[in-house]
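File shown here: upload.txt, holding compact mmCIF, C-alpha atoms.
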```
# COMPACT_ATOMS: atom_id res chain seq x y z
CA MET Y 1485 -38.37 39.95 9.70
CA THR Y 1486 -41.40 40.61 7.49
CA ASP Y 1487 -40.44 38.98 4.21
CA GLY Y 1488 -42.51 35.80 3.83
CA ARG Y 1489 -39.72 33.87 2.16
CA ALA Y 1490 -37.25 34.83 4.86
CA LEU Y 1491 -39.74 33.72 7.53
CA ALA Y 1492 -40.18 30.40 5.73
CA ARG Y 1493 -36.42 29.88 5.59
CA GLU Y 1494 -36.10 30.63 9.30
CA PHE Y 1495 -38.87 28.12 10.12
CA LEU Y 1496 -37.36 25.40 7.94
CA GLU Y 1497 -33.93 25.96 9.46
CA GLN Y 1498 -35.42 25.52 12.94
CA GLN Y 1499 -37.09 22.31 11.79
CA ARG Y 1500 -33.77 21.04 10.44
CA LEU Y 1501 -32.01 21.76 13.73
CA LEU Y 1502 -34.74 19.83 15.53
CA GLY Y 1503 -34.12 16.81 13.33
CA GLY Y 1504 -36.68 17.31 10.56
CA ASP Y 1505 -36.05 16.28 6.98
CA PRO Y 1506 -34.53 18.84 4.58
CA VAL Y 1507 -37.04 20.80 2.49
CA ILE Y 1508 -36.03 22.04 -0.95
CA LEU Y 1509 -37.29 25.51 -1.80
CA SER Y 1510 -38.25 26.64 -5.28
CA ASP Y 1511 -34.85 28.19 -5.95
CA GLY Y 1512 -33.28 24.79 -5.33
CA ALA Y 1513 -31.59 25.65 -2.05
CA ILE Y 1514 -31.89 23.42 0.99
CA PRO Y 1515 -32.12 25.55 4.17
CA GLY Y 1516 -29.17 25.05 6.48
CA THR Y 1517 -27.13 23.15 3.87
CA PRO Y 1518 -25.29 25.73 1.75
CA GLY Y 1519 -24.23 24.45 -1.62
CA LEU Y 1520 -26.62 21.50 -1.78
CA ARG Y 1521 -29.08 21.52 -4.68
CA PRO Y 1522 -31.71 19.12 -5.96
CA GLY Y 1523 -30.07 16.10 -7.48
CA SER Y 1524 -26.83 16.65 -5.60
CA VAL Y 1525 -25.47 13.79 -3.52
CA ASN Y 1526 -24.24 14.16 0.03
CA PRO Y 1527 -20.56 13.25 0.29
CA PRO Y 1528 -20.13 9.72 1.66
CA ALA Y 1529 -19.36 9.34 5.35
CA SER Y 1530 -15.80 8.29 4.59
CA ALA Y 1531 -15.19 11.46 2.58
CA ALA Y 1532 -16.59 13.57 5.39
CA LEU Y 1533 -13.99 12.14 7.72
CA THR Y 1534 -10.97 12.27 5.46
CA PRO Y 1535 -8.25 14.59 6.80
CA GLY Y 1536 -7.86 17.67 4.65
CA ALA Y 1537 -11.43 17.64 3.32
CA ASN Y 1538 -12.92 21.08 2.72
CA ALA Y 1539 -15.32 22.75 5.15
CA GLN Y 1540 -18.42 21.78 3.20
CA THR Y 1541 -17.42 18.11 3.23
CA ASP Y 1542 -16.46 18.23 6.92
CA SER Y 1543 -19.94 19.45 7.85
CA ALA Y 1544 -21.78 16.82 5.80
CA LEU Y 1545 -23.66 14.03 7.53
CA PRO Y 1546 -25.63 11.14 6.07
CA PRO Y 1547 -29.18 12.06 4.98
CA PRO Y 1548 -32.25 11.29 7.10
CA GLY Y 1549 -33.44 7.69 7.09
CA ILE Y 1550 -36.19 5.69 8.76
CA SER Y 1551 -37.92 7.04 11.86
CA TYR Y 1552 -39.65 4.52 14.10
CA ASP Y 1553 -41.71 5.47 17.14
CA PRO Y 1554 -43.13 2.32 18.74
CA PRO Y 1555 -45.90 3.01 21.25
CA GLY Y 1556 -44.93 3.38 24.87
CA GLY Y 1557 -46.32 1.27 27.66
CA ASP Y 1558 -49.96 1.30 28.64
CA LEU Y 1559 -50.26 3.07 31.99
CA PHE Y 1560 -53.17 0.79 32.90
CA SER Y 1561 -51.40 -2.44 31.98
CA ASN Y 1562 -50.18 -4.93 34.55
CA ASP Y 1563 -47.02 -5.54 32.53
CA PRO Y 1564 -44.13 -4.65 34.88
CA VAL Y 1565 -41.67 -3.82 32.08
CA PRO Y 1566 -43.03 -0.36 31.12
CA GLN Y 1567 -43.30 0.44 34.81
CA ALA Y 1568 -39.70 -0.46 35.66
CA ILE Y 1569 -38.00 2.63 37.08
CA SER Y 1570 -34.33 1.67 36.67
CA LEU Y 1571 -31.94 -0.47 34.66
CA GLU Y 1572 -31.50 -2.65 37.75
CA ALA Y 1573 -35.24 -3.28 37.83
CA ILE Y 1574 -35.13 -4.32 34.18
CA ALA Y 1575 -32.21 -6.67 34.93
CA GLN Y 1576 -34.23 -8.33 37.69
CA LEU Y 1577 -37.19 -8.82 35.37
CA VAL Y 1578 -34.90 -10.30 32.70
CA ALA Y 1579 -33.37 -12.68 35.26
CA GLY Y 1580 -36.77 -14.22 35.93
CA CYS Y 1581 -38.08 -14.11 32.37
CA THR Y 1582 -39.56 -17.27 30.83
CA LYS Y 1583 -41.46 -15.65 27.95
CA CYS Y 1584 -39.72 -17.63 25.20
CA ARG Y 1585 -37.82 -20.87 24.68
CA LEU Y 1586 -34.41 -19.24 25.04
CA CYS Y 1587 -34.79 -19.38 28.81
CA GLU Y 1588 -34.55 -23.18 28.68
CA GLY Y 1589 -30.89 -23.36 27.66
CA ARG Y 1590 -29.38 -20.29 29.26
CA ARG Y 1591 -26.77 -20.29 31.98
CA HIS Y 1592 -27.11 -16.59 32.69
CA THR Y 1593 -29.31 -13.84 31.37
CA VAL Y 1594 -27.44 -10.92 29.80
CA PRO Y 1595 -29.51 -7.77 30.38
CA GLY Y 1596 -26.78 -5.28 29.49
CA GLU Y 1597 -24.30 -3.10 31.34
CA GLY Y 1598 -22.89 0.38 31.41
CA ALA Y 1599 -23.66 3.91 32.48
CA ALA Y 1600 -27.28 4.62 33.41
CA GLU Y 1601 -26.98 8.07 31.82
CA ALA Y 1602 -24.83 7.07 28.85
CA ARG Y 1603 -24.82 9.31 25.81
CA LEU Y 1604 -24.40 6.26 23.57
CA VAL Y 1605 -26.35 3.00 23.63
CA VAL Y 1606 -24.83 0.12 21.64
CA VAL Y 1607 -27.28 -2.61 20.65
CA GLY Y 1608 -26.16 -5.99 19.35
CA GLU Y 1609 -27.98 -9.17 18.40
CA GLY Y 1610 -27.79 -11.56 21.33
CA PRO Y 1611 -25.37 -13.16 23.80
CA GLY Y 1612 -22.76 -15.64 22.66
CA ARG Y 1613 -21.08 -18.43 24.58
CA VAL Y 1614 -18.81 -16.23 26.72
CA GLU Y 1615 -21.63 -13.80 27.42
CA ASP Y 1616 -23.89 -16.68 28.50
CA GLU Y 1617 -21.17 -17.89 30.86
CA THR Y 1618 -20.51 -14.50 32.41
CA GLY Y 1619 -23.85 -12.66 32.19
CA ARG Y 1620 -22.10 -9.70 30.51
CA PRO Y 1621 -22.60 -8.43 26.95
CA PHE Y 1622 -19.80 -8.21 24.38
CA VAL Y 1623 -17.02 -9.84 26.41
CA GLY Y 1624 -15.75 -12.42 23.91
CA PRO Y 1625 -13.47 -11.63 20.96
CA ALA Y 1626 -16.18 -9.45 19.41
CA GLY Y 1627 -16.49 -7.59 22.68
CA GLU Y 1628 -12.77 -6.93 22.82
CA LEU Y 1629 -12.99 -5.43 19.35
CA LEU Y 1630 -15.96 -3.28 20.37
CA THR Y 1631 -14.00 -1.98 23.36
CA LYS Y 1632 -11.15 -0.99 21.02
CA ILE Y 1633 -13.57 0.73 18.62
CA LEU Y 1634 -15.13 2.73 21.46
CA GLY Y 1635 -11.73 3.64 22.83
CA ALA Y 1636 -10.63 4.88 19.42
CA ILE Y 1637 -13.47 7.44 19.42
CA GLU Y 1638 -12.70 8.41 23.02
CA LEU Y 1639 -15.70 6.69 24.55
CA PRO Y 1640 -14.50 4.32 27.28
CA ARG Y 1641 -16.69 1.26 27.62
CA GLU Y 1642 -17.83 2.23 31.10
CA ARG Y 1643 -19.38 5.44 29.73
CA VAL Y 1644 -21.52 3.53 27.21
CA PHE Y 1645 -24.59 1.36 27.79
CA ILE Y 1646 -24.18 -1.94 25.92
CA CYS Y 1647 -26.94 -4.48 25.43
CA ASN Y 1648 -28.57 -6.86 22.94
CA VAL Y 1649 -31.94 -7.35 21.32
CA VAL Y 1650 -32.43 -10.69 23.09
CA LYS Y 1651 -31.14 -11.25 26.60
CA CYS Y 1652 -30.52 -15.02 26.46
CA ARG Y 1653 -28.20 -16.93 24.16
CA PRO Y 1654 -29.81 -18.52 21.09
CA PRO Y 1655 -28.68 -22.16 20.65
CA GLU Y 1656 -25.46 -22.47 18.68
CA ASN Y 1657 -25.48 -18.67 18.27
CA ARG Y 1658 -28.22 -18.84 15.63
CA LEU Y 1659 -30.20 -15.74 14.73
CA PRO Y 1660 -32.99 -14.91 17.20
CA GLN Y 1661 -36.37 -15.90 15.84
CA PHE Y 1662 -39.30 -13.54 15.45
CA ASP Y 1663 -41.22 -14.75 18.51
CA GLU Y 1664 -38.07 -14.57 20.66
CA ILE Y 1665 -37.42 -10.99 19.58
CA ALA Y 1666 -41.05 -10.05 20.17
CA ALA Y 1667 -40.91 -11.46 23.70
CA CYS Y 1668 -37.65 -9.71 24.58
CA VAL Y 1669 -37.79 -6.36 22.80
CA PRO Y 1670 -39.91 -4.59 25.46
CA TYR Y 1671 -36.90 -4.87 27.79
CA LEU Y 1672 -34.69 -3.21 25.20
CA PHE Y 1673 -37.17 -0.42 24.49
CA ARG Y 1674 -37.54 0.31 28.20
CA GLN Y 1675 -33.76 0.37 28.67
CA ILE Y 1676 -33.46 2.98 25.93
CA ASP Y 1677 -36.27 5.01 27.49
CA LEU Y 1678 -34.50 4.96 30.85
CA VAL Y 1679 -31.02 5.81 29.56
CA LYS Y 1680 -32.22 8.58 27.21
CA PRO Y 1681 -29.05 8.49 25.09
CA SER Y 1682 -27.96 11.08 22.56
CA LEU Y 1683 -27.38 8.31 19.99
CA ILE Y 1684 -28.04 4.63 19.37
CA LEU Y 1685 -25.50 2.49 17.50
CA ALA Y 1686 -27.21 -0.57 16.03
CA MET Y 1687 -24.57 -3.21 15.34
CA GLY Y 1688 -25.68 -5.89 12.91
CA GLY Y 1689 -28.77 -6.56 10.86
CA THR Y 1690 -30.90 -7.97 13.69
CA ALA Y 1691 -30.40 -4.90 15.87
CA ALA Y 1692 -31.00 -2.49 12.99
CA GLN Y 1693 -34.12 -4.25 11.70
CA THR Y 1694 -35.59 -4.59 15.19
CA LEU Y 1695 -35.04 -0.97 16.22
CA LEU Y 1696 -36.28 0.41 12.90
CA ASN Y 1697 -39.10 -2.12 12.37
CA THR Y 1698 -37.93 -2.93 8.86
CA LYS Y 1699 -36.78 -5.87 6.76
CA GLN Y 1700 -34.25 -3.83 4.79
CA SER Y 1701 -30.73 -5.20 4.73
CA LEU Y 1702 -27.91 -3.79 6.80
CA GLY Y 1703 -26.26 -2.50 3.63
CA ALA Y 1704 -29.39 -0.57 2.68
CA LEU Y 1705 -29.69 0.92 6.19
CA ARG Y 1706 -26.10 2.16 6.48
CA ASN Y 1707 -25.14 5.73 5.52
CA PHE Y 1708 -28.34 7.24 6.90
CA VAL Y 1709 -29.19 8.96 10.17
CA HIS Y 1710 -32.27 7.07 11.34
CA ARG Y 1711 -34.34 7.84 14.41
CA PHE Y 1712 -35.81 5.68 17.14
CA ARG Y 1713 -38.34 7.58 19.25
CA GLY Y 1714 -36.62 10.76 18.14
CA ILE Y 1715 -33.12 9.53 19.06
CA PRO Y 1716 -30.59 9.51 16.17
CA LEU Y 1717 -29.56 5.99 15.22
CA ILE Y 1718 -26.60 4.83 13.14
CA VAL Y 1719 -26.41 1.34 11.64
CA THR Y 1720 -23.12 -0.51 11.24
CA TYR Y 1721 -21.63 -3.99 11.16
CA HIS Y 1722 -21.46 -6.23 14.23
CA PRO Y 1723 -17.93 -6.70 15.61
CA ALA Y 1724 -18.28 -10.46 15.13
CA ALA Y 1725 -18.82 -9.84 11.42
CA LEU Y 1726 -15.62 -7.79 11.31
CA LEU Y 1727 -13.68 -10.74 12.71
CA ARG Y 1728 -15.01 -12.86 9.85
CA ASN Y 1729 -14.56 -10.21 7.16
CA PRO Y 1730 -11.84 -7.62 7.85
CA ASN Y 1731 -12.87 -5.72 4.70
CA TRP Y 1732 -15.83 -4.34 6.68
CA LYS Y 1733 -13.58 -2.64 9.23
CA LYS Y 1734 -13.14 0.51 7.14
CA PRO Y 1735 -16.87 1.18 6.61
CA THR Y 1736 -17.50 0.40 10.29
CA TRP Y 1737 -14.83 2.89 11.26
CA ASP Y 1738 -16.54 5.50 9.09
CA ASP Y 1739 -19.88 4.72 10.76
CA VAL Y 1740 -18.62 5.03 14.32
CA ARG Y 1741 -16.84 8.31 13.58
CA ILE Y 1742 -20.11 9.68 12.23
CA ALA Y 1743 -21.74 8.42 15.42
CA ARG Y 1744 -19.13 10.20 17.55
CA ARG Y 1745 -19.79 13.48 15.73
CA LEU Y 1746 -23.54 13.15 16.28
CA ILE Y 1747 -23.01 12.61 20.01
CA GLY Y 1748 -21.05 15.86 20.13
```
Write the structure described by the file as structure tokens, please.
Amino acid sequence: MTDGRALAREFLEQQRLLGGDPVILSDGAIPGTPGLRPGSVNPPASAALTPGANAQTDSALPPPGISYDPPGGDLFSNDPVPQAISLEAIAQLVAGCTKCRLCEGRRHTVPGEGAAEARLVVVGEGPGRVEDETGRPFVGPAGELLTKILGAIELPRERVFICNVVKCRPPENRLPQFDEIAACVPYLFRQIDLVKPSLILAMGGTAAQTLLNTKQSLGALRNFVHRFRGIPLIVTYHPAALLRNPNWKKPTWDDVRIARRLIG
């Protein structure tokens, strides 16, 4: 291959396959996305998953979104979290954690559970009452709904790693505060590093904003394929929100089917 333009196309296609953003060439074509031109709009996720859609629509995925690569742990630090070598080690550190006020009212810490080599990591906001009583994430009514959602995309709960941004229950299930998230998020980041999933599903605004280091709303973050430390990340509604507003079930279903396709 000696033609400069052909070489450029081949390079850009490789970049796309590795997760880079699309690049529009001067003729208006986007390498690797036949039929897409400047000013065109990717079909919405729901259209991409509608039975009977044409081949071009079936292959469409949401466009690239935010990429966030927080720094890893300092090798010379005495902080035990970046040095934890297993999910069990993280759970032990969480059990003894007193870094924020949430430790004062907890009955149990809720570090997370699931497969150590899961292809999907689900991240929620924080434990609720039932989770605080049992030490397990997503086991109340919202958890039952999450289990059904995962089963519908052929991902049994035991094959997924499920956790929250904060590992102790906020009083009265209020939103975690900034200092509480800051104290707890190193545990979450290390869990993701250890699991090395193919995809992260951020459920709810707190999870999405924390993992992407943004203040954008959940609505603004949906319908994009974001990345956390190079791992694709999809944003959707929290199951508890679906129990309050059933109208969000359809867009959530679209999101999780996109997530299932990205896992492969």
Within 8 Å of segment 1610-1613 of chain Y, counting only C-alpha atoms, which residues qualify if same-chain residues fewer than 3 places away don't, as a PDB file with C-alpha atoms, in the coordinates of the input?
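Output saved as selection39.pdb:
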```pdb
ATOM      1  CA  VAL Y1594     -27.440 -10.920  29.800  1.00  0.00           C
ATOM      2  CA  ASP Y1616     -23.890 -16.680  28.500  1.00  0.00           C
ATOM      3  CA  GLU Y1617     -21.170 -17.890  30.860  1.00  0.00           C
ATOM      4  CA  PRO Y1621     -22.600  -8.430  26.950  1.00  0.00           C
ATOM      5  CA  PHE Y1622     -19.800  -8.210  24.380  1.00  0.00           C
ATOM      6  CA  GLY Y1624     -15.750 -12.420  23.910  1.00  0.00           C
ATOM      7  CA  ASN Y1648     -28.570  -6.860  22.940  1.00  0.00           C
ATOM      8  CA  VAL Y1649     -31.940  -7.350  21.320  1.00  0.00           C
ATOM      9  CA  VAL Y1650     -32.430 -10.690  23.090  1.00  0.00           C
ATOM     10  CA  LYS Y1651     -31.140 -11.250  26.600  1.00  0.00           C
ATOM     11  CA  CYS Y1652     -30.520 -15.020  26.460  1.00  0.00           C
ATOM     12  CA  ARG Y1653     -28.200 -16.930  24.160  1.00  0.00           C
ATOM     13  CA  PRO Y1654     -29.810 -18.520  21.090  1.00  0.00           C
ATOM     14  CA  ASN Y1657     -25.480 -18.670  18.270  1.00  0.00           C
ATOM     15  CA  PRO Y1660     -32.990 -14.910  17.200  1.00  0.00           C
TER      16      PRO Y1660
END
```
Pairwise distance for atom CA of Tyr1671 of chain Y and atom CA of Phe1708 of chain Y, rounded to one decimal in Å: 25.6 Å
Between atom CA of Pro1547 of chain Y and atom CA of Ala1743 of chain Y, distance in Å (one decimal): 13.3 Å
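Non-sequential neighbours of His1722 of chain Y (distance at most 9 Å, separation of 3 or more positions within a chain, all atoms listed in the file) are Y:Gly1608, Y:Glu1609, Y:Ala1626, Y:Leu1630, Y:Ala1686, Y:Met1687, Y:Gly1688, Y:Gly1689, Y:Ala1725, Y:Leu1726, Y:Thr1736.
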Given only C-alpha atoms as the counted atoms, nearest of Y:Leu1696, Y:Val1740, Y:Ala1667, Y:Leu1717 to Tyr1552 of chain Y: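 Looking only at the distances to Tyr1552 of chain Y, the closest residue turns out to be Y:Leu1696.
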Of the listed residues Y:Ala1544, Y:Val1606, Y:Cys1581, Y:Leu1705, that which approaches Val1679 of chain Y most closely, counting all atoms listed in the file: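 Of all the options, Y:Val1606 lies closest to Val1679 of chain Y.
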Non-local contacts of Glu1597 of chain Y (8 Å; all atoms listed in the file; under 2 positions in same chain excluded) as a PyMOL selection string: chain Y and resi 1595+1599+1620-1621+1645-1647
Atom-to-atom span, atom CA of Gln1693 of chain Y and atom CA of Asp1563 of chain Y, Å: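 Between atom CA of Gln1693 of chain Y and atom CA of Asp1563 of chain Y the gap works out to 24.5 Å.
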From Y:Gly1748, Y:Gly1556, Y:Pro1670, Y:Gly1619, residue lying nearest Leu1683 of chain Y [all atoms listed in the file]: Y:Gly1748
Which residue of Y:Lys1583, Y:Ala1602, Y:Arg1658, Y:Val1669 approaches Pro1566 of chain Y most closely, using only C-alpha atoms: Y:Val1669
Nearest-residue call for Ala1691 of chain Y, choices Y:Ile1718, Y:Leu1639, Y:Ile1633, Y:Leu1577, using only C-alpha atoms: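 Closest residue, counting only C-alpha atoms: Y:Ile1718.
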Nearest-residue call for Glu1601 of chain Y, choices Y:Ala1692, Y:Leu1685, Y:Val1644, Y:Leu1746, using only C-alpha atoms: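 Of Y:Ala1692, Y:Leu1685, Y:Val1644, Y:Leu1746, the one nearest Glu1601 of chain Y is Y:Val1644, counting only C-alpha atoms.
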Test item: residues at most 9 Å from Pro1554 of chain Y, all atoms listed in the file, excluding those fewer than 3 positions along its chain, as an MDAnalysis selection string: chainID Y and resid 1673 1697 1712:1713
